[in-house]
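Report on the structure given below.
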Amino acid sequence: MIGRRRLITLFGGAAAAWPILAGAQQTMPVIGFVRETPSAPFTHLLAAFRRGLSENGFVEGQNVAIEQRWAEGHDDRLPSLIADLIARKAAVIVANRPAALAAKAAATTTPIVFATGNDPVSDGLVASLNRPGGNFTGVVFITSALGAKRLDLLRQLAPKAMTIAFLMRPNTAESEAERQDVQKAAQALGQQLVTVEVTSEPEIAAAFAIFVQRGAGGLLVGGSPFLTSKGEQIVTLAARHAMPAIYPLREFVSVGGAMSYGTSISDAYRQAGIYASRILRGEKPSDLPVMQSAKFELVLNLKTLHAIGLTVPEKLLAVADEVIE
């Protein structure tokens with residue numbers, strides 16, 4: 001039998017431990033993860049972010065909590081989502097470009113780690129890439145600046161296409177820069193280009209009707225979180241019309257797209273996880289230079305290309321980083 005004094009000691013020790021455990025739960029740092037997009041097409045980015053955290057010893061539910069906020073395509077919701085994370089005293093907020101701009105407008109002092117395809121200096125998020133200053137830092141991945149390269153790859157894939165369709169999201173600095181890049185390249189090559197701007201699913205469907213009417217023999221999809229979130233719809237329409245297409249991200253090829261060329265956003269979010277963990281360990285965003293993701297990848301989906309009757313040139317196969325059979 002355990003003596004009465006021994007029982008008191010055991011229960012007393014357990015009771016003393018309860019407040020400590022409760023305090024540990026209360027002090028577990030919180031990371032806010034916010035994007036203006038729907039969550040469904042982008043859960044892999046959250047997984048990549050978790051990988052970056054784990055590489056530096058932070059595991060969700062064990063020593064860090066992640067609060068997800070998705071604006072579901074409604075940018076006007078971002079200010080309230082950011083305000084909520086600030087009110088919850090998030091130790092750091094990870095955001096894509098629209099969410100980072102909303103955090104900037106909120107004038108918060110909370111450390112912000114962004115993942116963006118745009119220039120964070122021109123956006124006013126940081127003073128410079130090497131010395132960010134303030135409470136913002138993050139990762140830059142190139143998207144719009146590759147428009148001319150994607151047009152060249154599409155022409156190699158579909159050399160007989162007299163007209164190329166260009167699907168884009170209007171009214172952002174990034175999309176307008178891409179428009180100019182693609183138009184300039186098309187003019188230099190003597191390539192006919194049909195450009196249609198879209199902001200909704202019905203407009204995407206209507207755009208394909210225009211492309212078919214104009215006899216487009218290939219499709220170039222612009223870089224945009226909105227277009228990425230509508231990837232399955234775009235890929236389905238391209239397949240329905242047997243239209244070879246090139247996309248800015250591997251995510252499109254994963255759902256049946258023909259070809260993609262661009263930087264790896266998953267890798268960018270993994271790097272964002274690394275930066276978030278360093279901030280949790282006490283480093284300041286102002287001391288962390290903005291990283292530039294330089295991992296480019298050309299991905300081909302042979303199943304899709306064969307289904308629309310295309311034979312991939314050996315030159316493209318030779319330089320592809322990944323070929324999906």
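Chain identifiers are assigned as A, B, and so on, following the order in which chains appear in the structure tokens; residues are numbered from 1 within each chain, and ligands are numbered from 1 in order of appearance.
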
So which residues touch Ala205 (chain A) within 12 Å, counting only C-alpha atoms, skipping near sequence neighbours fewer than 2 positions away, as a VMD selection string?
chain A and resid 167 196 to 203 207 to 212 230 233 to 238 240 to 241

Do a neighbour search on region 242-251 of chain A at 7 Å with only C-alpha atoms, toss out local chain neighbours closer than 3 positions, and write the hits as a PyMOL selection string.
chain A and resi 143+150+154+217-223+238-239+254-255+258-262+299+308

A:Leu193, A:Ala272, A:Met291, A:Leu298: which is nearest Lys149 (chain A), counting only C-alpha atoms?
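Looking only at the distances to Lys149 (chain A), the closest residue turns out to be A:Leu298.
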
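The nearest approach to Asp119 (chain A) among the residues A:Val290, A:Ala90, A:Ile31, A:Leu317, with only C-alpha atoms taken into account, belongs to A:Val290.
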
Between A:Ala165, A:Met28, A:Ile279, A:Ile265, which one has atoms that come closest to Ala115 (chain A), using only C-alpha atoms?
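Going through A:Ala165, A:Met28, A:Ile279, A:Ile265 one by one, the smallest distance to Ala115 (chain A) is for A:Ile265.
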
Counting only C-alpha atoms, the residue of A:Met168, A:Val113, A:Leu46, A:Leu157 that sits nearest Glu314 (chain A):
A:Leu157

Give the strand (DSSP E) residues of region 139-208 of chain A, as assigned by DSSP on the backbone, as a PyMOL selection string.
chain A and resi 139-141+163-168+192-197

Selection near Leu316 (chain A), 9 Å with only C-alpha atoms, sequence-local residues under 3 positions removed, as number ranges by chain:
A: 153, 156-157, 298, 300, 312-313, 319-320

Keeping only N, CA and C atoms, write the selected residues as a PDB file, in the first residue's frame.
ATOM      1  N   LEU A 153       8.081  28.308 -75.589  1.00  0.00           N
ATOM      2  CA  LEU A 153       7.894  26.872 -75.365  1.00  0.00           C
ATOM      3  C   LEU A 153       6.603  26.373 -76.007  1.00  0.00           C
ATOM      4  N   GLN A 156       7.034  25.880 -79.619  1.00  0.00           N
ATOM      5  CA  GLN A 156       7.769  24.647 -79.912  1.00  0.00           C
ATOM      6  C   GLN A 156       6.829  23.439 -79.832  1.00  0.00           C
ATOM      7  N   LEU A 157       5.893  23.491 -78.905  1.00  0.00           N
ATOM      8  CA  LEU A 157       4.945  22.395 -78.728  1.00  0.00           C
ATOM      9  C   LEU A 157       3.916  22.356 -79.851  1.00  0.00           C
ATOM     10  N   LEU A 298      10.240  22.756 -65.888  1.00  0.00           N
ATOM     11  CA  LEU A 298       9.399  22.495 -67.055  1.00  0.00           C
ATOM     12  C   LEU A 298       8.788  21.120 -66.865  1.00  0.00           C
ATOM     13  N   LEU A 300       5.909  18.282 -68.271  1.00  0.00           N
ATOM     14  CA  LEU A 300       5.086  17.852 -69.411  1.00  0.00           C
ATOM     15  C   LEU A 300       4.165  16.717 -68.982  1.00  0.00           C
ATOM     16  N   VAL A 312       5.242  15.185 -78.660  1.00  0.00           N
ATOM     17  CA  VAL A 312       6.145  16.160 -78.044  1.00  0.00           C
ATOM     18  C   VAL A 312       7.503  16.126 -78.731  1.00  0.00           C
ATOM     19  N   PRO A 313       8.010  17.281 -79.161  1.00  0.00           N
ATOM     20  CA  PRO A 313       9.339  17.329 -79.788  1.00  0.00           C
ATOM     21  C   PRO A 313      10.413  16.793 -78.837  1.00  0.00           C
ATOM     22  N   VAL A 319      14.774  18.584 -72.250  1.00  0.00           N
ATOM     23  CA  VAL A 319      15.012  19.638 -71.249  1.00  0.00           C
ATOM     24  C   VAL A 319      13.965  19.635 -70.137  1.00  0.00           C
ATOM     25  N   ALA A 320      12.950  18.773 -70.226  1.00  0.00           N
ATOM     26  CA  ALA A 320      11.904  18.733 -69.210  1.00  0.00           C
ATOM     27  C   ALA A 320      12.461  18.261 -67.866  1.00  0.00           C
TER      28      ALA A 320
END

Could you list, as a list in words, every residue within 8 Å of Pro29 (chain A), counting only C-alpha atoms and ignoring same-chain residues fewer than 6 positions away?
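Residues near the query, excluding close chain neighbours: Asn63, Val64, Ala65, Ala90, Ala91 and Leu280 of chain A.
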
Saved selection, atoms kept: N, CA and C atoms, as a PDB file, in the first residue's frame:
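Output (selection-v7.pdb):
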ATOM      1  N   ASN A  63       4.698  22.243 -30.775  1.00  0.00           N
ATOM      2  CA  ASN A  63       5.310  23.449 -30.210  1.00  0.00           C
ATOM      3  C   ASN A  63       4.964  24.711 -30.984  1.00  0.00           C
ATOM      4  N   VAL A  64       3.999  24.608 -31.889  1.00  0.00           N
ATOM      5  CA  VAL A  64       3.523  25.773 -32.621  1.00  0.00           C
ATOM      6  C   VAL A  64       2.097  25.506 -33.097  1.00  0.00           C
ATOM      7  N   ALA A  65       1.290  26.560 -33.162  1.00  0.00           N
ATOM      8  CA  ALA A  65      -0.081  26.457 -33.688  1.00  0.00           C
ATOM      9  C   ALA A  65      -0.173  27.273 -34.968  1.00  0.00           C
ATOM     10  N   ALA A  90      -0.780  36.749 -33.026  1.00  0.00           N
ATOM     11  CA  ALA A  90       0.064  35.847 -33.812  1.00  0.00           C
ATOM     12  C   ALA A  90       1.516  36.302 -33.717  1.00  0.00           C
ATOM     13  N   ALA A  91       2.415  35.354 -33.523  1.00  0.00           N
ATOM     14  CA  ALA A  91       3.834  35.681 -33.420  1.00  0.00           C
ATOM     15  C   ALA A  91       4.411  36.070 -34.777  1.00  0.00           C
ATOM     16  N   LEU A 280      10.490  32.903 -35.078  1.00  0.00           N
ATOM     17  CA  LEU A 280      10.030  32.354 -33.803  1.00  0.00           C
ATOM     18  C   LEU A 280      11.197  32.159 -32.828  1.00  0.00           C
TER      19      LEU A 280
END

Would you mind reading off the distance between CA of Pro41 (chain A) and CA of Gly73 (chain A), one decimal, in Å?
11.8 Å
